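The next block is target_2.txt, given as compact mmCIF, C-alpha atoms.
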```
# COMPACT_ATOMS: atom_id res chain seq x y z
CA MET A 272 106.02 100.55 133.51
CA ALA A 273 102.67 99.97 131.81
CA GLU A 274 101.98 96.63 130.19
CA ILE A 275 99.53 95.50 127.56
CA GLY A 276 96.35 94.26 129.18
CA TRP A 277 96.01 91.03 127.25
CA LEU A 278 92.78 89.09 127.40
CA ASN A 279 92.76 85.35 126.78
CA ASP A 280 89.10 84.72 126.08
CA MET A 281 87.60 85.35 122.64
CA ASN A 282 84.07 86.04 123.85
CA GLU A 283 85.29 88.50 126.45
CA ALA A 284 87.40 90.28 123.83
CA LEU A 285 84.53 90.56 121.36
CA ALA A 286 82.17 91.83 124.05
CA ARG A 287 84.71 94.46 125.03
CA ALA A 288 85.27 95.39 121.39
CA LYS A 289 81.55 95.92 120.94
CA ALA A 290 81.24 97.97 124.12
CA GLU A 291 84.27 100.14 123.41
CA LYS A 292 83.77 100.29 119.61
CA LYS A 293 87.29 99.02 118.99
CA PRO A 294 88.73 96.25 116.84
CA VAL A 295 90.48 93.24 118.35
CA LEU A 296 94.15 92.40 117.91
CA LEU A 297 94.31 88.61 118.06
CA ASP A 298 97.86 87.40 118.64
CA PHE A 299 98.37 83.68 118.17
CA PHE A 300 101.58 83.06 120.04
CA ASN A 301 103.90 80.25 121.01
CA PRO A 302 104.74 80.43 124.72
CA GLY A 303 107.81 78.26 124.03
CA MET B 96 107.03 89.99 120.05
CA GLY B 97 106.79 89.60 123.80
CA ALA B 98 110.47 90.33 124.33
CA VAL B 99 110.95 93.28 121.98
CA THR B 100 107.83 94.82 120.49
CA TYR B 101 105.14 94.61 123.15
CA PRO B 102 107.29 96.08 125.96
CA ASP B 103 107.96 99.18 123.82
CA GLY B 104 106.29 102.12 125.52
CA LYS B 105 104.67 103.57 122.40
CA VAL B 106 103.41 100.15 121.34
CA THR B 107 101.94 99.49 124.79
CA GLU B 108 100.21 102.86 124.85
CA PHE B 109 98.82 102.36 121.35
CA VAL B 110 97.49 98.87 122.00
CA ASN B 111 95.87 99.75 125.30
CA GLY B 112 94.26 102.83 123.76
CA ARG B 113 93.13 101.78 120.30
CA ILE B 114 92.49 98.07 120.23
CA VAL B 115 91.32 95.19 122.40
CA PRO B 116 94.34 92.88 122.85
CA LEU B 117 93.69 89.15 122.83
CA GLN B 118 96.38 86.48 123.06
CA LEU B 119 95.67 82.84 122.31
CA LYS B 120 98.11 79.93 122.12
CA PHE B 121 98.89 78.84 118.58
CA ASP B 122 97.02 75.57 119.12
CA ALA B 123 93.98 76.96 120.97
CA GLN B 124 90.94 75.34 119.41
CA PRO B 125 88.63 76.03 117.72
CA TYR B 126 90.27 79.36 116.91
CA ALA B 127 93.64 78.11 115.62
CA GLY B 128 91.77 75.90 113.18
CA ASN B 129 89.15 78.48 112.26
CA PHE B 130 91.84 81.05 111.50
CA ASN B 131 94.11 78.47 109.83
CA VAL B 132 97.11 79.36 111.98
CA LYS B 133 100.28 77.69 110.70
CA TRP B 134 103.04 79.80 112.21
CA THR B 135 103.66 82.24 115.01
CA PRO B 136 103.30 85.00 115.60
CA THR B 137 100.11 85.38 113.60
CA LEU B 138 98.50 88.77 114.24
CA VAL B 139 94.90 89.14 113.10
CA THR B 140 92.76 92.28 113.23
CA LEU B 141 89.14 91.40 113.97
CA ASP B 142 85.97 93.43 114.20
CA GLU B 143 83.53 93.11 117.09
CA LEU B 144 81.86 90.17 115.36
CA GLY B 145 85.12 88.24 115.11
CA LYS B 146 85.52 88.77 111.37
CA GLU B 147 89.09 89.03 110.06
CA HIS B 148 90.22 92.18 108.20
CA HIS B 149 94.00 92.09 108.30
CA ARG B 150 96.72 89.55 109.03
CA ILE B 151 100.46 89.59 109.61
CA VAL B 152 102.55 86.45 109.97
CA GLY B 153 105.99 86.81 111.52
CA PHE B 154 107.80 89.23 113.79
CA VAL B 155 106.93 92.92 113.62
CA PRO B 156 109.50 95.31 115.10
CA PRO B 157 108.34 98.19 117.29
CA GLU B 158 108.83 100.85 114.62
CA GLU B 159 106.57 98.92 112.23
CA PHE B 160 103.94 97.82 114.70
CA ILE B 161 101.83 100.98 115.06
CA PRO B 162 101.53 101.74 111.33
CA ALA B 163 100.74 98.06 110.69
CA MET B 164 97.97 98.12 113.28
CA LEU B 165 96.61 101.44 112.00
CA LEU B 166 96.41 99.90 108.54
CA GLY B 167 94.53 96.92 109.97
CA ILE B 168 92.07 99.16 111.82
CA ALA B 169 91.58 101.24 108.66
CA LYS B 170 90.89 98.09 106.63
CA ALA B 171 88.23 97.02 109.13
CA ASN B 172 86.52 100.41 108.76
CA PHE B 173 86.98 100.37 104.99
CA ASP B 174 85.36 96.94 104.74
CA TYR B 175 82.26 98.37 106.44
CA ASP B 176 82.25 101.50 104.20
CA ARG B 177 83.21 103.69 107.15
CA PHE B 178 85.43 105.75 104.91
CA ALA B 179 85.91 108.80 107.14
CA GLU B 180 87.22 106.63 109.97
CA ALA B 181 89.42 104.64 107.59
CA LEU B 182 90.82 107.80 106.01
CA ALA B 183 91.67 109.30 109.40
CA ASP B 184 93.94 106.37 110.33
CA LEU B 185 95.39 106.07 106.83
CA GLU B 186 96.37 109.73 106.96
CA VAL B 187 98.31 109.07 110.15
CA VAL B 188 100.21 106.20 108.52
CA VAL B 189 101.05 108.28 105.45
CA ARG B 190 101.99 111.39 107.41
CA ASP B 191 103.74 109.99 110.48
CA TYR B 192 105.16 106.67 109.24
CA PRO B 193 106.19 107.28 105.62
CA LYS B 194 109.15 104.89 105.88
CA SER B 195 107.09 102.03 107.27
CA LYS B 196 106.24 98.95 105.24
CA ALA B 197 102.55 99.78 105.73
CA ALA B 198 102.83 103.21 104.08
CA PRO B 199 102.52 102.20 100.40
CA GLU B 200 99.41 100.11 101.03
CA ALA B 201 98.00 102.95 103.14
CA ILE B 202 98.47 105.36 100.23
CA PHE B 203 96.76 102.90 97.89
CA LEU B 204 93.85 102.33 100.26
CA ARG B 205 93.56 106.07 100.96
CA GLY B 206 93.09 106.59 97.24
CA VAL B 207 90.44 103.90 97.00
CA ALA B 208 88.60 105.09 100.11
CA GLY B 209 88.74 108.65 98.82
CA TYR B 210 87.23 107.56 95.53
CA LYS B 211 84.54 105.39 97.08
CA SER B 212 83.46 108.14 99.46
CA THR B 213 83.26 110.86 96.78
CA HIS B 214 83.02 109.06 93.39
CA ASP B 215 85.72 111.46 92.28
CA PRO B 216 88.64 109.63 90.62
CA LYS B 217 91.20 112.26 91.65
CA PRO B 218 92.24 110.43 94.86
CA LEU B 219 93.05 107.33 92.82
CA LYS B 220 95.29 109.21 90.43
CA ALA B 221 96.88 111.09 93.33
CA ALA B 222 97.61 107.75 95.01
CA TYR B 223 99.37 106.46 91.90
CA GLU B 224 101.39 109.65 91.50
CA LYS B 225 102.54 109.61 95.13
CA LEU B 226 103.39 105.93 94.98
CA GLN B 227 105.29 106.33 91.73
CA ALA B 228 107.21 109.32 93.07
CA GLU B 229 108.03 107.97 96.52
CA TYR B 230 107.82 104.16 96.29
CA PRO B 231 108.86 103.16 92.75
CA GLY B 232 108.97 99.41 92.34
CA ASN B 233 106.72 98.73 95.32
CA GLU B 234 103.95 96.21 94.72
CA TRP B 235 101.30 98.83 95.63
CA THR B 236 102.75 101.17 93.04
CA ASP B 237 102.32 98.42 90.47
CA ARG B 238 98.74 97.79 91.58
CA ALA B 239 97.92 101.50 91.20
CA GLN B 240 99.36 101.78 87.69
CA PRO B 241 95.96 101.79 85.90
CA TYR B 242 95.02 104.94 87.80
CA ARG B 243 97.67 106.92 85.92
CA LEU B 244 95.29 106.95 82.96
CA LEU B 245 92.50 108.66 84.89
CA PRO B 246 91.71 112.28 83.99
```
Would you kindly transcribe this structure into structure tokens?
Amino acid sequence: MAEIGWLNDMNEALARAKAEKKPVLLDFFNPG
Amino acid sequence: MGAVTYPDGKVTEFVNGRIVPLQLKFDAQPYAGNFNVKWTPTLVTLDELGKEHHRIVGFVPPEEFIPAMLLGIAKANFDYDRFAEALADLEVVVRDYPKSKAAPEAIFLRGVAGYKSTHDPKPLKAAYEKLQAEYPGNEWTDRAQPYRLLP
């Protein structure tokens, strides 16, 4: 089953957003 | 979110296709401070410069997630005057997710984007009429009330 390919680095996410012309979903989460 | 919403097949497909997914711990600095995170989950839609356009605090069930994200993406495009792109995603929310919590705001924003892209007030009045007919009492219906007076 496919999973969401989460990133965990802001700069990497923004660079990918710029390259792919997509917005970023930033999920602040509590791992518990 | 991790136990219920993100494993949903449609949610996974949408996220991997339409948006760059980034997860940070609630106390990850400087971001938790910069974004004033006080509770989890906090879901923020950012543009490629890291600017915030939409925020949801609290759990979002699978059936609400896609329309909520489409609304966030549309708001990012709207904020940059990319009205055609915003309207395309708002149309999907209105057409395919009419029972979602995002739908009334999508109708409102569709009216505003339609007006701003054409300078024709008809989309504003149409937004009010649809909201009044289908979502009476909703806060977005209230916010659109002045548009009922438009010609």
Using only C-alpha atoms, find the residues of chain A whose closest atom to chain B is at most 6 Å away, then write them as an mmCIF file with C-alpha atoms, keeping the file's coordinate frame.
```cif
data_model
loop_
_atom_site.group_PDB
_atom_site.id
_atom_site.type_symbol
_atom_site.label_atom_id
_atom_site.label_comp_id
_atom_site.auth_asym_id
_atom_site.auth_seq_id
_atom_site.Cartn_x
_atom_site.Cartn_y
_atom_site.Cartn_z
ATOM 1 C CA ILE A 275 99.530 95.500 127.560
ATOM 2 C CA TRP A 277 96.010 91.030 127.250
ATOM 3 C CA LEU A 278 92.780 89.090 127.400
ATOM 4 C CA ASN A 279 92.760 85.350 126.780
ATOM 5 C CA LEU A 285 84.530 90.560 121.360
ATOM 6 C CA ALA A 288 85.270 95.390 121.390
ATOM 7 C CA LYS A 289 81.550 95.920 120.940
ATOM 8 C CA LYS A 293 87.290 99.020 118.990
ATOM 9 C CA PRO A 294 88.730 96.250 116.840
ATOM 10 C CA VAL A 295 90.480 93.240 118.350
ATOM 11 C CA LEU A 296 94.150 92.400 117.910
ATOM 12 C CA LEU A 297 94.310 88.610 118.060
ATOM 13 C CA ASP A 298 97.860 87.400 118.640
ATOM 14 C CA PHE A 299 98.370 83.680 118.170
ATOM 15 C CA PHE A 300 101.580 83.060 120.040
ATOM 16 C CA ASN A 301 103.900 80.250 121.010
#
```
message = Please determine, counting only C-alpha atoms, which residue among B:Leu245, B:Trp235, B:Pro157, B:Pro199 has the shortest atom-to-atom distance to Leu219 (chain B).
response =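 Nearest candidate to Leu219 (chain B) out of B:Leu245, B:Trp235, B:Pro157, B:Pro199: B:Leu245.
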What is the CA of Arg205 (chain B) to CA of Ala290 (chain A) distance in Å?
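Between CA of Arg205 (chain B) and CA of Ala290 (chain A) the gap is 27.5 Å.
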Here CA of Lys211 (chain B) and CA of Ala239 (chain B) stand apart by 15.1 Å
As a check of understanding: the span from CA of Phe203 (chain B) to CA of Thr100 (chain B) is 26.4 Å
- Near-Pro241 (chain B) list (12 Å; only C-alpha atoms; drop same-chain fewer than 2 positions) as number ranges by chain: B: 216, 219-224, 227, 235-239, 243-246
